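Next comes model_15.csv, with CSV, C-alpha atoms and all ligand atoms.
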```csv
chain,number,residue,atom,x,y,z
A,586,MET,CA,9.8,-16.6,11.7
A,587,SER,CA,10.3,-13.0,12.9
A,588,LEU,CA,9.4,-10.0,10.8
A,589,VAL,CA,12.0,-9.3,8.1
A,590,ASN,CA,13.4,-5.9,7.1
A,591,THR,CA,11.2,-4.5,4.3
A,592,LYS,CA,14.4,-3.5,2.4
A,593,GLU,CA,15.5,-7.1,2.1
A,594,ILE,CA,12.1,-8.1,0.5
A,595,LEU,CA,12.2,-5.1,-1.9
A,596,LEU,CA,15.8,-5.4,-3.0
A,597,ASP,CA,15.1,-8.9,-4.3
A,598,ALA,CA,12.0,-7.5,-6.1
A,599,HIS,CA,14.1,-4.6,-7.5
A,600,ALA,CA,16.8,-7.1,-8.7
A,601,GLU,CA,14.4,-9.5,-10.2
A,602,CYS,CA,11.8,-7.0,-11.6
A,603,TYR,CA,8.7,-8.0,-9.8
A,604,ALA,CA,6.5,-6.3,-7.1
A,605,VAL,CA,5.5,-7.2,-3.6
A,606,GLY,CA,2.0,-6.4,-2.2
A,607,ALA,CA,1.8,-4.0,0.7
A,608,PHE,CA,-1.7,-4.3,2.2
A,609,ASN,CA,-3.2,-2.0,4.8
A,610,ILE,CA,-4.7,-3.5,7.9
A,611,SER,CA,-7.3,-2.1,10.3
A,612,ASN,CA,-8.1,-5.2,12.4
A,613,MET,CA,-7.1,-8.8,13.1
A,614,GLU,CA,-9.2,-10.2,10.2
A,615,THR,CA,-7.4,-8.0,7.7
A,616,ALA,CA,-4.0,-9.1,9.0
A,617,GLN,CA,-4.9,-12.8,9.0
A,618,ALA,CA,-6.4,-12.5,5.4
A,619,ILE,CA,-3.1,-11.0,4.1
A,620,ILE,CA,-0.8,-13.5,5.8
A,621,GLU,CA,-2.9,-16.5,4.9
A,622,GLY,CA,-3.2,-15.4,1.3
A,623,ALA,CA,0.6,-14.9,1.1
A,624,ILE,CA,1.2,-18.3,2.7
A,625,GLU,CA,-1.1,-20.0,0.2
A,626,LEU,CA,0.8,-18.5,-2.7
A,627,ASN,CA,4.3,-18.8,-1.1
A,628,SER,CA,4.8,-15.1,-1.5
A,629,PRO,CA,6.6,-12.4,0.6
A,630,VAL,CA,4.2,-9.7,1.8
A,631,ILE,CA,4.3,-6.4,3.5
A,632,ILE,CA,1.7,-5.4,6.1
A,633,GLU,CA,1.1,-1.7,6.3
A,634,VAL,CA,-0.5,0.3,9.1
A,635,SER,CA,-1.5,3.9,8.6
A,636,GLU,CA,-1.3,6.5,11.4
A,637,SER,CA,-5.1,6.5,11.6
A,638,ALA,CA,-5.2,2.7,11.8
A,639,ILE,CA,-2.6,2.9,14.6
A,640,LYS,CA,-4.9,5.4,16.4
A,641,TYR,CA,-7.8,2.9,15.9
A,642,MET,CA,-5.9,-0.2,17.1
A,643,GLY,CA,-3.2,1.1,19.3
A,644,MET,CA,0.5,0.8,18.5
A,645,ASN,CA,1.1,-2.1,20.9
A,646,VAL,CA,-1.9,-4.1,19.5
A,647,ALA,CA,-0.9,-3.5,15.9
A,648,CYS,CA,2.7,-4.6,16.5
A,649,GLY,CA,1.9,-7.4,19.0
A,650,MET,CA,-0.8,-8.9,16.8
A,651,VAL,CA,1.4,-9.0,13.6
A,652,ARG,CA,4.3,-10.4,15.5
A,653,ALA,CA,2.1,-13.1,16.9
A,654,LEU,CA,0.7,-13.9,13.5
A,655,VAL,CA,4.1,-14.4,11.9
A,656,LYS,CA,5.7,-16.4,14.7
A,657,ASP,CA,5.2,-19.9,13.3
A,658,ILE,CA,5.2,-19.2,9.6
A,659,SER,CA,8.0,-19.4,7.1
A,660,ILE,CA,7.2,-16.8,4.4
A,661,PRO,CA,8.9,-13.3,4.8
A,662,VAL,CA,6.5,-10.7,6.3
A,663,ALA,CA,7.5,-7.1,6.9
A,664,LEU,CA,5.6,-4.5,9.0
A,665,HIS,CA,5.5,-1.0,7.5
A,666,LEU,CA,4.2,2.4,8.8
A,667,ASP,CA,2.2,3.9,5.9
A,668,HIS,CA,2.1,7.6,5.3
A,669,GLY,CA,3.9,8.6,8.5
A,670,ARG,CA,3.5,12.3,9.0
A,671,ASN,CA,3.8,12.7,12.8
A,672,TRP,CA,7.3,12.4,14.3
A,673,GLU,CA,6.0,10.9,17.6
A,674,VAL,CA,4.2,8.2,15.7
A,675,ILE,CA,7.1,7.5,13.4
A,676,SER,CA,9.5,7.4,16.3
A,677,ARG,CA,7.3,5.0,18.3
A,678,ALA,CA,6.8,2.7,15.3
A,679,ILE,CA,10.6,2.4,14.9
A,680,ASP,CA,11.0,1.7,18.6
A,681,SER,CA,8.1,-0.8,18.6
A,682,GLY,CA,9.5,-3.1,16.0
A,683,PHE,CA,8.2,-1.9,12.6
A,684,THR,CA,10.6,-3.0,9.9
A,685,SER,CA,10.1,0.1,7.8
A,686,VAL,CA,8.5,3.5,8.0
A,687,MET,CA,7.2,5.9,5.4
A,688,ILE,CA,7.8,9.5,6.0
A,689,ASP,CA,5.3,11.4,3.9
A,690,ALA,CA,6.3,15.1,3.7
A,691,SER,CA,5.4,15.2,0.1
A,692,ASP,CA,3.1,18.2,0.7
A,693,LYS,CA,6.1,20.3,1.8
A,694,PRO,CA,8.5,22.2,-0.4
A,695,PHE,CA,11.5,20.1,-1.7
A,696,ALA,CA,14.1,21.4,0.8
A,697,GLU,CA,11.8,20.9,3.8
A,698,ASN,CA,10.8,17.4,2.6
A,699,VAL,CA,14.6,16.6,2.4
A,700,GLU,CA,15.2,17.9,5.9
A,701,ILE,CA,12.3,16.0,7.5
A,702,THR,CA,13.1,12.8,5.7
A,703,LYS,CA,16.8,13.0,6.7
A,704,LYS,CA,15.8,13.2,10.3
A,705,VAL,CA,13.7,10.0,10.0
A,706,VAL,CA,16.4,8.2,8.0
A,707,GLU,CA,18.9,8.9,10.8
A,708,LYS,CA,16.8,7.4,13.5
A,709,ALA,CA,15.5,4.5,11.5
A,710,HIS,CA,18.8,3.4,10.1
A,711,GLN,CA,20.4,3.3,13.6
A,712,MET,CA,17.7,0.8,14.5
A,713,GLY,CA,18.0,-1.3,11.3
A,714,VAL,CA,14.6,0.0,10.0
A,715,SER,CA,14.3,1.0,6.4
A,716,VAL,CA,12.6,4.2,5.1
A,717,GLU,CA,10.2,5.1,2.3
A,718,ALA,CA,9.5,8.7,1.3
A,719,GLU,CA,7.4,10.3,-1.4
A,720,ILE,CA,7.9,13.0,-3.9
A,721,GLY,CA,5.3,14.5,-6.1
A,722,ARG,CA,1.8,14.3,-4.6
A,723,LEU,CA,-1.2,12.0,-4.9
A,724,PRO,CA,-4.5,13.8,-5.0
A,725,GLY,CA,-7.3,12.4,-3.0
A,726,SER,CA,-9.2,11.4,-6.1
A,727,GLU,CA,-9.5,12.4,-9.8
A,728,ASP,CA,-12.5,14.6,-8.9
A,729,ASP,CA,-10.4,16.9,-6.6
A,730,VAL,CA,-8.2,18.3,-9.4
A,731,ASN,CA,-8.2,19.2,-13.0
A,732,VAL,CA,-5.8,17.8,-15.6
A,733,GLU,CA,-3.2,20.6,-15.4
A,734,GLU,CA,-3.2,20.4,-11.6
A,735,ARG,CA,-2.8,16.7,-11.8
A,736,GLU,CA,0.3,17.1,-14.1
A,737,ALA,CA,1.8,19.5,-11.6
A,738,PHE,CA,1.5,16.9,-8.8
A,739,LEU,CA,3.7,14.4,-10.7
A,740,VAL,CA,7.3,13.6,-9.7
A,741,ASN,CA,10.2,15.5,-11.3
A,742,PRO,CA,12.8,12.7,-12.1
A,743,ASN,CA,15.8,15.1,-11.5
A,744,ASP,CA,14.3,16.0,-8.1
A,745,ALA,CA,13.8,12.3,-7.4
A,746,GLN,CA,17.5,11.6,-8.0
A,747,LYS,CA,18.7,14.5,-5.8
A,748,PHE,CA,16.2,13.5,-3.1
A,749,VAL,CA,17.5,10.0,-2.9
A,750,GLU,CA,21.1,11.1,-2.9
A,751,MET,CA,20.5,13.8,-0.2
A,752,THR,CA,18.3,11.7,2.1
A,753,GLY,CA,19.7,8.1,1.9
A,754,ILE,CA,16.1,6.6,1.8
A,755,ASP,CA,15.7,2.9,0.9
A,756,PHE,CA,12.7,3.1,-1.4
A,757,LEU,CA,10.8,5.9,-3.1
A,758,ALA,CA,7.2,6.6,-3.9
A,759,PRO,CA,7.1,8.7,-7.1
A,760,ALA,CA,3.7,10.3,-8.0
A,761,ILE,CA,3.0,9.1,-11.6
A,762,GLY,CA,-0.8,9.6,-11.9
A,763,THR,CA,-2.5,7.3,-9.4
A,764,SER,CA,-4.7,8.6,-6.5
A,765,HIS,CA,-6.0,7.0,-3.3
A,766,GLY,CA,-9.5,5.7,-2.9
A,767,ALA,CA,-12.2,4.3,-5.1
A,768,PHE,CA,-12.5,7.1,-7.6
A,769,LYS,CA,-9.1,7.3,-9.4
A,770,PHE,CA,-9.9,8.0,-13.1
A,771,LYS,CA,-12.8,9.3,-15.1
A,772,GLY,CA,-11.7,7.4,-18.3
A,773,ASP,CA,-8.9,4.9,-18.8
A,774,SER,CA,-6.0,4.6,-16.3
A,775,THR,CA,-3.4,7.1,-17.3
A,776,LEU,CA,0.0,6.6,-15.7
A,777,ASP,CA,3.1,8.4,-16.8
A,778,TYR,CA,5.4,5.5,-17.6
A,779,ASP,CA,8.1,7.6,-19.3
A,780,ARG,CA,8.5,9.6,-16.1
A,781,LEU,CA,8.5,6.3,-14.1
A,782,ARG,CA,11.3,4.8,-16.2
A,783,GLU,CA,13.3,8.0,-15.9
A,784,VAL,CA,12.9,7.9,-12.1
A,785,LYS,CA,14.0,4.3,-12.0
A,786,GLU,CA,17.0,5.0,-14.2
A,787,LYS,CA,18.1,8.0,-12.1
A,788,THR,CA,17.6,6.5,-8.6
A,789,ASP,CA,18.2,2.8,-9.1
A,790,ILE,CA,16.3,1.9,-5.9
A,791,PRO,CA,13.0,0.0,-5.3
A,792,LEU,CA,10.0,2.2,-6.2
A,793,VAL,CA,6.5,2.2,-4.6
A,794,LEU,CA,3.1,2.7,-6.3
A,795,HIS,CA,0.5,4.2,-4.0
A,796,GLY,CA,-3.2,4.3,-4.9
A,797,ALA,CA,-2.9,1.0,-6.8
A,798,SER,CA,-6.2,-0.7,-6.0
A,799,SER,CA,-8.0,-2.2,-9.0
A,800,VAL,CA,-11.5,-1.4,-7.8
A,801,ARG,CA,-12.8,-4.2,-10.1
A,802,ASP,CA,-16.2,-3.8,-11.8
A,803,THR,CA,-17.3,-7.2,-10.6
A,804,LEU,CA,-16.5,-6.3,-7.0
A,805,ILE,CA,-18.3,-3.0,-7.4
A,806,GLU,CA,-21.4,-4.6,-9.0
A,807,GLU,CA,-21.6,-7.1,-6.1
A,808,ALA,CA,-21.1,-4.3,-3.5
A,809,GLU,CA,-23.8,-2.2,-5.1
A,810,ARG,CA,-26.2,-5.2,-5.2
A,811,TYR,CA,-26.0,-5.2,-1.4
A,812,GLY,CA,-26.5,-1.5,-1.1
A,813,LEU,CA,-23.0,0.1,-1.1
A,814,GLN,CA,-23.0,3.3,-3.2
A,815,LEU,CA,-20.0,3.5,-5.4
A,816,LYS,CA,-21.3,5.2,-8.5
A,817,GLY,CA,-18.4,6.2,-10.7
A,818,ALA,CA,-15.8,4.2,-8.9
A,819,LYS,CA,-12.8,3.3,-11.0
A,820,GLY,CA,-9.4,1.8,-10.1
A,821,LEU,CA,-6.1,0.9,-11.8
A,822,ASP,CA,-6.5,-1.8,-14.5
A,823,ASP,CA,-4.3,-4.9,-14.4
A,824,ASN,CA,-2.5,-4.0,-17.6
A,825,SER,CA,-1.5,-0.6,-16.4
A,826,LEU,CA,-0.3,-2.1,-13.1
A,827,LYS,CA,1.7,-4.8,-14.9
A,828,GLN,CA,3.3,-2.1,-17.1
A,829,ALA,CA,4.2,0.0,-14.1
A,830,ILE,CA,5.9,-3.1,-12.6
A,831,ARG,CA,7.9,-3.7,-15.8
A,832,ASP,CA,8.9,0.0,-15.6
A,833,GLY,CA,10.3,-0.3,-12.1
A,834,ILE,CA,7.6,-0.5,-9.4
A,835,ASN,CA,8.5,-3.0,-6.7
A,836,LYS,CA,6.0,-2.3,-3.9
A,837,VAL,CA,2.3,-2.0,-4.6
A,838,ASN,CA,0.0,-0.5,-2.0
A,839,THR,CA,-3.6,-1.7,-1.7
A,840,ASP,CA,-6.1,-0.6,0.8
A,841,THR,CA,-9.3,0.3,-1.0
A,842,ASP,CA,-9.8,-3.2,-2.6
A,843,ILE,CA,-9.5,-4.8,0.8
A,844,ARG,CA,-12.0,-2.3,2.4
A,845,ILE,CA,-14.6,-2.9,-0.4
A,846,ALA,CA,-14.2,-6.7,-0.1
A,847,PHE,CA,-14.6,-6.6,3.6
A,848,THR,CA,-17.7,-4.4,3.5
A,849,THR,CA,-19.3,-6.4,0.6
A,850,ALA,CA,-19.0,-9.7,2.5
A,851,VAL,CA,-20.4,-8.2,5.6
A,852,ARG,CA,-23.3,-6.7,3.7
A,853,ARG,CA,-23.9,-10.0,1.9
A,854,VAL,CA,-24.2,-11.9,5.1
A,855,LEU,CA,-26.6,-9.3,6.6
A,856,HIS,CA,-28.6,-9.2,3.5
A,857,ASN,CA,-29.0,-13.0,3.2
A,858,ASP,CA,-29.8,-13.7,6.8
A,859,SER,CA,-31.5,-11.2,9.0
A,860,THR,CA,-31.1,-13.4,12.1
A,861,VAL,CA,-27.3,-13.2,12.3
A,862,PHE,CA,-25.8,-11.3,15.2
A,863,ASP,CA,-22.6,-13.3,16.0
A,864,PRO,CA,-19.7,-11.0,14.8
A,865,ARG,CA,-17.7,-14.1,13.8
A,866,LYS,CA,-20.4,-14.9,11.2
A,867,LEU,CA,-19.9,-11.5,9.6
A,868,LEU,CA,-16.1,-11.2,10.0
A,869,GLY,CA,-15.3,-14.8,9.0
A,870,PRO,CA,-16.7,-14.4,5.4
A,871,ALA,CA,-15.1,-11.0,5.2
A,872,ARG,CA,-11.7,-12.5,6.1
A,873,GLU,CA,-12.2,-15.1,3.4
A,874,TYR,CA,-13.2,-12.5,0.8
A,875,MET,CA,-10.2,-10.3,1.6
A,876,LYS,CA,-7.9,-13.3,1.3
A,877,ASN,CA,-9.1,-13.9,-2.2
A,878,VAL,CA,-8.4,-10.2,-3.1
A,879,VAL,CA,-4.9,-10.6,-1.6
A,880,LYS,CA,-4.2,-13.7,-3.7
A,881,GLU,CA,-5.5,-12.2,-6.9
A,882,ARG,CA,-3.2,-9.2,-6.3
A,883,ILE,CA,-0.1,-11.4,-5.6
A,884,GLU,CA,-0.7,-13.3,-8.8
A,885,ILE,CA,-0.7,-10.0,-10.8
A,886,LEU,CA,2.4,-8.6,-9.0
A,887,GLY,CA,4.5,-11.6,-9.8
A,888,SER,CA,5.6,-12.4,-6.2
A,889,GLU,CA,4.0,-15.9,-6.1
A,890,ASN,CA,6.6,-18.5,-5.1
A,891,ARG,CA,9.2,-15.9,-4.3
A,892,ALA,CA,9.1,-16.5,-0.5
B,1,LIG,O1,-3.1,5.8,1.7
B,1,LIG,C1,-3.9,5.8,2.6
B,1,LIG,C2,-4.4,4.5,3.2
B,1,LIG,O2,-5.4,4.0,2.4
B,1,LIG,C3,-4.7,4.6,4.7
B,1,LIG,O3,-5.9,5.3,4.9
B,1,LIG,O4,-5.5,6.9,6.8
B,1,LIG,O5,-7.8,6.1,6.2
B,1,LIG,O6,-6.1,4.5,7.2
B,1,LIG,P1,-6.3,5.7,6.4
B,2,LIG,P1,-5.6,2.5,-2.6
B,2,LIG,O1,-6.5,3.5,-2.1
B,2,LIG,O2,-5.6,2.5,-4.1
B,2,LIG,O3,-5.9,1.1,-2.1
B,2,LIG,O4,-4.1,2.9,-2.2
B,2,LIG,C1,-3.7,2.6,-0.9
B,2,LIG,C2,-2.4,3.2,-0.5
B,2,LIG,O5,-1.7,3.8,-1.3
B,2,LIG,C3,-2.0,3.1,0.9
B,2,LIG,O6,-0.8,3.8,1.1
B,3,ZN,ZN,-0.7,5.7,-0.1
```

For the file at hand, write its structure as structure tokens.
Ligand code: G3H
Ligand code: 13P
Ligand code: ZN
Amino acid sequence: MSLVNTKEILLDAHAECYAVGAFNISNMETAQAIIEGAIELNSPVIIEVSESAIKYMGMNVACGMVRALVKDISIPVALHLDHGRNWEVISRAIDSGFTSVMIDASDKPFAENVEITKKVVEKAHQMGVSVEAEIGRLPGSEDDVNVEEREAFLVNPNDAQKFVEMTGIDFLAPAIGTSHGAFKFKGDSTLDYDRLREVKEKTDIPLVLHGASSVRDTLIEEAERYGLQLKGAKGLDDNSLKQAIRDGINKVNTDTDIRIAFTTAVRRVLHNDSTVFDPRKLLGPAREYMKNVVKERIEILGSENRA
């Protein structure tokens, strides 16, 4: 099967009130883990590549590899540019066969965010590529900001409505209290569900949750057993994620959980056998572990058997 337009996958999720996993890749093993996990659960899936992952792999490698991996499978897979900020990269991604792009100008004032986003929508839509944009901002981690600053970063629902009308984007990432990385909250997960519901009501399009990794205690304990230092790590708990999906989230971004799973598996192999030097003996178990994380996420999101 060829790649499918991300919008097609997300419009079904929007209509049926479930969410689809968007998982970041940085190499072949990550991409294989995501696709194999989705096949085993008969789920649609979105593969995301960030600008820095494109810099690492090369645009042609990223696109060619994902296209090759989906060629003989029957589940819907979309290819998405995550946090596009650079026009050259966004433009090349559209020309290279990505099925959606994110333009992230969320650090710019509203009017500038609208102008930049409109330019991307114009080019992308001409090529049948859908567009995600963000309003409100995600801090790097809870430690970076105090509570008042955190509140100021959240999406304003009236702005969200105007933004969608003015830009014609296909899906929107509203900041509702998550952050990227492994250190999201100091106490319990605190998302602004009222704000999320209002954004959904006012925009009526698929919504995206960034910074959604669960950073599970069991995974952290295992990672720490093999020497990874993650003291104070905390992610988004399953109940909060499920509530966000009930309130309108349809695309759930996960990168950190995959990175930790990969690293933990590699560390485990190295710890258990000091004679290993074949990369496949490190990366094979890492691929398997990442696949398990992908499957666990798919089950929580409700996209199993929706392919
Ligand atoms: O949201 C950010 C993603 O986790 C990608 O991160 O730019 O380090 O690839 P990256
Ligand atoms: P995490 O850091 O929580 O995995 O979020 C990833 C993300 O939002 C990618 O865009
Ligand atoms: Zn993100």

Nearest residue to Leu595 (chain A) out of A:Arg882, A:Lys787, A:Lys836, A:Arg872, using only C-alpha atoms?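 Closest to Leu595 (chain A), using only C-alpha atoms: A:Lys836.
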
Find the nearest atom pair between each residue of chain A and ligand LIG 1 (chain B) for residues within 12 Å, count only C-alpha atoms and all ligand atoms, give distances in Å to one decimal, sort rows by chain and ascending number, and present the table as CSV.
```
residue,atom,partner,partner_atom,distance
A:Ala607,CA,B:LIG1,C2,10.8
A:Phe608,CA,B:LIG1,O2,9.1
A:Asn609,CA,B:LIG1,C3,6.8
A:Ile610,CA,B:LIG1,O6,8.2
A:Ser611,CA,B:LIG1,O6,7.4
A:Asn612,CA,B:LIG1,O6,11.2
A:Ile632,CA,B:LIG1,C3,12.0
A:Glu633,CA,B:LIG1,C3,8.7
A:Val634,CA,B:LIG1,O6,7.3
A:Ser635,CA,B:LIG1,O6,4.8
A:Glu636,CA,B:LIG1,O4,6.2
A:Ser637,CA,B:LIG1,O4,4.8
A:Ala638,CA,B:LIG1,O6,5.0
A:Ile639,CA,B:LIG1,O6,8.3
A:Lys640,CA,B:LIG1,O6,9.3
A:Tyr641,CA,B:LIG1,O6,9.0
A:Met642,CA,B:LIG1,O6,11.0
A:His665,CA,B:LIG1,C3,12.0
A:Leu666,CA,B:LIG1,C3,10.0
A:Asp667,CA,B:LIG1,O1,7.0
A:His668,CA,B:LIG1,O1,6.6
A:Gly669,CA,B:LIG1,O4,9.7
A:Arg670,CA,B:LIG1,O4,10.7
A:Met687,CA,B:LIG1,O1,10.9
A:Asp689,CA,B:LIG1,O1,10.3
A:Glu719,CA,B:LIG1,O1,11.8
A:Arg722,CA,B:LIG1,O1,11.7
A:Leu723,CA,B:LIG1,O1,9.3
A:Pro724,CA,B:LIG1,O1,10.5
A:Gly725,CA,B:LIG1,O1,9.1
A:Ser726,CA,B:LIG1,O1,11.4
A:Ala758,CA,B:LIG1,O1,11.8
A:Thr763,CA,B:LIG1,O1,11.2
A:Ser764,CA,B:LIG1,O1,8.8
A:His765,CA,B:LIG1,O1,5.9
A:Gly766,CA,B:LIG1,O2,6.9
A:Ala767,CA,B:LIG1,O2,10.1
A:Leu794,CA,B:LIG1,O1,10.6
A:His795,CA,B:LIG1,O1,6.9
A:Gly796,CA,B:LIG1,O1,6.8
A:Ala797,CA,B:LIG1,O1,9.8
A:Ser798,CA,B:LIG1,O2,9.7
A:Val837,CA,B:LIG1,O1,11.4
A:Asn838,CA,B:LIG1,O1,7.9
A:Thr839,CA,B:LIG1,O2,7.2
A:Asp840,CA,B:LIG1,O2,4.9
A:Thr841,CA,B:LIG1,O2,6.4
A:Asp842,CA,B:LIG1,O2,9.8
A:Ile843,CA,B:LIG1,O2,9.8
A:Arg844,CA,B:LIG1,O2,9.1
A:Ile845,CA,B:LIG1,O2,11.8
```

Take the point (7.2, -14.3, 2.1) in the file's coordinates, draw a sphere of radius 8 Å around it, and report as a VMD selection string every protein, DNA or RNA residue with an atom inside or on it, counting only C-alpha atoms. chain A and resid 623 to 624 627 to 630 659 to 662 891 to 892

Taking all atoms listed in the file into account, which of A:Arg852, A:Lys769, A:Arg652, A:Lys785 comes nearest ligand LIG 2 (chain B)? A:Lys769

CA of Leu821 (chain A) and CA of Pro791 (chain A) are how many Å apart?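 Spanning CA of Leu821 (chain A) to CA of Pro791 (chain A) is a straight-line distance of 20.2 Å.
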
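Rounded to one decimal, CA of Phe748 (chain A) and CA of Leu588 (chain A) lie 28.1 Å from each other.
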
Computed gap from CA of Ala653 (chain A) to CA of Glu884 (chain A) is 25.9 Å

Using all atoms listed in the file: which of A:Phe770, A:Phe683, A:Phe695, A:Tyr603 has the shortest distance to ligand LIG 2 (chain B): A:Phe770

In terms of the shortest atom-to-atom distance over only C-alpha atoms, which of A:Asn698, A:Asn645, A:Thr848, A:Thr684 is closest to Glu593 (chain A)? A:Thr684

In terms of the shortest atom-to-atom distance over all atoms listed in the file, which of A:Gly753, A:Pro742, A:Gly643, A:Gly820 is closest to Asp773 (chain A)?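 Comparing A:Gly753, A:Pro742, A:Gly643, A:Gly820 against Asp773 (chain A), the winner is A:Gly820.
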
Taking into account all atoms listed in the file, which residue in the set A:Ala604, A:Leu596, A:Ile688, A:Leu815 is nearest to ligand ZN 3 (chain B)?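 Checking each candidate against ligand ZN 3 (chain B), we get A:Ile688 as the closest.
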
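Residues near the point (-21.6, -7.1, 1.1), at a distance of 9 Å or less over only C-alpha atoms, make up Glu807, Ala808, Glu809, Arg810, Tyr811, Gly812, Leu813, Ile845, Ala846, Phe847, Thr848, Thr849, Ala850, Val851, Arg852, Arg853, Val854, Leu855, His856 and Ala871 of chain A.
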
Can you rebuild region 629-643 of chain A with N, CA and C atoms and give it as a PDB file, keeping the file's coordinate frame?
```pdb
ATOM      1  N   PRO A 629       6.338 -13.417  -0.455  1.00  0.00           N
ATOM      2  CA  PRO A 629       6.600 -12.400   0.600  1.00  0.00           C
ATOM      3  C   PRO A 629       5.503 -11.415   0.613  1.00  0.00           C
ATOM      4  N   VAL A 630       5.332 -10.732   1.744  1.00  0.00           N
ATOM      5  CA  VAL A 630       4.200  -9.700   1.800  1.00  0.00           C
ATOM      6  C   VAL A 630       4.597  -8.660   2.820  1.00  0.00           C
ATOM      7  N   ILE A 631       4.029  -7.479   2.596  1.00  0.00           N
ATOM      8  CA  ILE A 631       4.300  -6.400   3.500  1.00  0.00           C
ATOM      9  C   ILE A 631       2.907  -5.953   4.107  1.00  0.00           C
ATOM     10  N   ILE A 632       2.873  -5.901   5.433  1.00  0.00           N
ATOM     11  CA  ILE A 632       1.700  -5.400   6.100  1.00  0.00           C
ATOM     12  C   ILE A 632       1.866  -3.982   6.468  1.00  0.00           C
ATOM     13  N   GLU A 633       0.917  -3.142   6.077  1.00  0.00           N
ATOM     14  CA  GLU A 633       1.100  -1.700   6.300  1.00  0.00           C
ATOM     15  C   GLU A 633       0.013  -1.254   7.336  1.00  0.00           C
ATOM     16  N   VAL A 634       0.412  -0.315   8.171  1.00  0.00           N
ATOM     17  CA  VAL A 634      -0.500   0.300   9.100  1.00  0.00           C
ATOM     18  C   VAL A 634      -0.402   1.795   8.972  1.00  0.00           C
ATOM     19  N   SER A 635      -1.501   2.463   8.736  1.00  0.00           N
ATOM     20  CA  SER A 635      -1.500   3.900   8.600  1.00  0.00           C
ATOM     21  C   SER A 635      -1.521   4.553  10.012  1.00  0.00           C
ATOM     22  N   GLU A 636      -1.237   5.844  10.082  1.00  0.00           N
ATOM     23  CA  GLU A 636      -1.300   6.500  11.400  1.00  0.00           C
ATOM     24  C   GLU A 636      -2.749   6.427  11.949  1.00  0.00           C
ATOM     25  N   SER A 637      -3.743   6.552  11.071  1.00  0.00           N
ATOM     26  CA  SER A 637      -5.100   6.500  11.600  1.00  0.00           C
ATOM     27  C   SER A 637      -5.489   5.087  12.021  1.00  0.00           C
ATOM     28  N   ALA A 638      -4.917   4.076  11.362  1.00  0.00           N
ATOM     29  CA  ALA A 638      -5.200   2.700  11.800  1.00  0.00           C
ATOM     30  C   ALA A 638      -4.492   2.420  13.130  1.00  0.00           C
ATOM     31  N   ILE A 639      -3.324   3.047  13.350  1.00  0.00           N
ATOM     32  CA  ILE A 639      -2.600   2.900  14.600  1.00  0.00           C
ATOM     33  C   ILE A 639      -3.477   3.571  15.740  1.00  0.00           C
ATOM     34  N   LYS A 640      -4.042   4.711  15.403  1.00  0.00           N
ATOM     35  CA  LYS A 640      -4.900   5.400  16.400  1.00  0.00           C
ATOM     36  C   LYS A 640      -6.096   4.501  16.725  1.00  0.00           C
ATOM     37  N   TYR A 641      -6.606   3.801  15.727  1.00  0.00           N
ATOM     38  CA  TYR A 641      -7.800   2.900  15.900  1.00  0.00           C
ATOM     39  C   TYR A 641      -7.443   1.693  16.760  1.00  0.00           C
ATOM     40  N   MET A 642      -6.292   1.060  16.415  1.00  0.00           N
ATOM     41  CA  MET A 642      -5.900  -0.200  17.100  1.00  0.00           C
ATOM     42  C   MET A 642      -5.054  -0.064  18.283  1.00  0.00           C
ATOM     43  N   GLY A 643      -4.240   0.999  18.282  1.00  0.00           N
ATOM     44  CA  GLY A 643      -3.200   1.100  19.300  1.00  0.00           C
ATOM     45  C   GLY A 643      -1.898   0.537  18.745  1.00  0.00           C
TER      46      GLY A 643
END
```
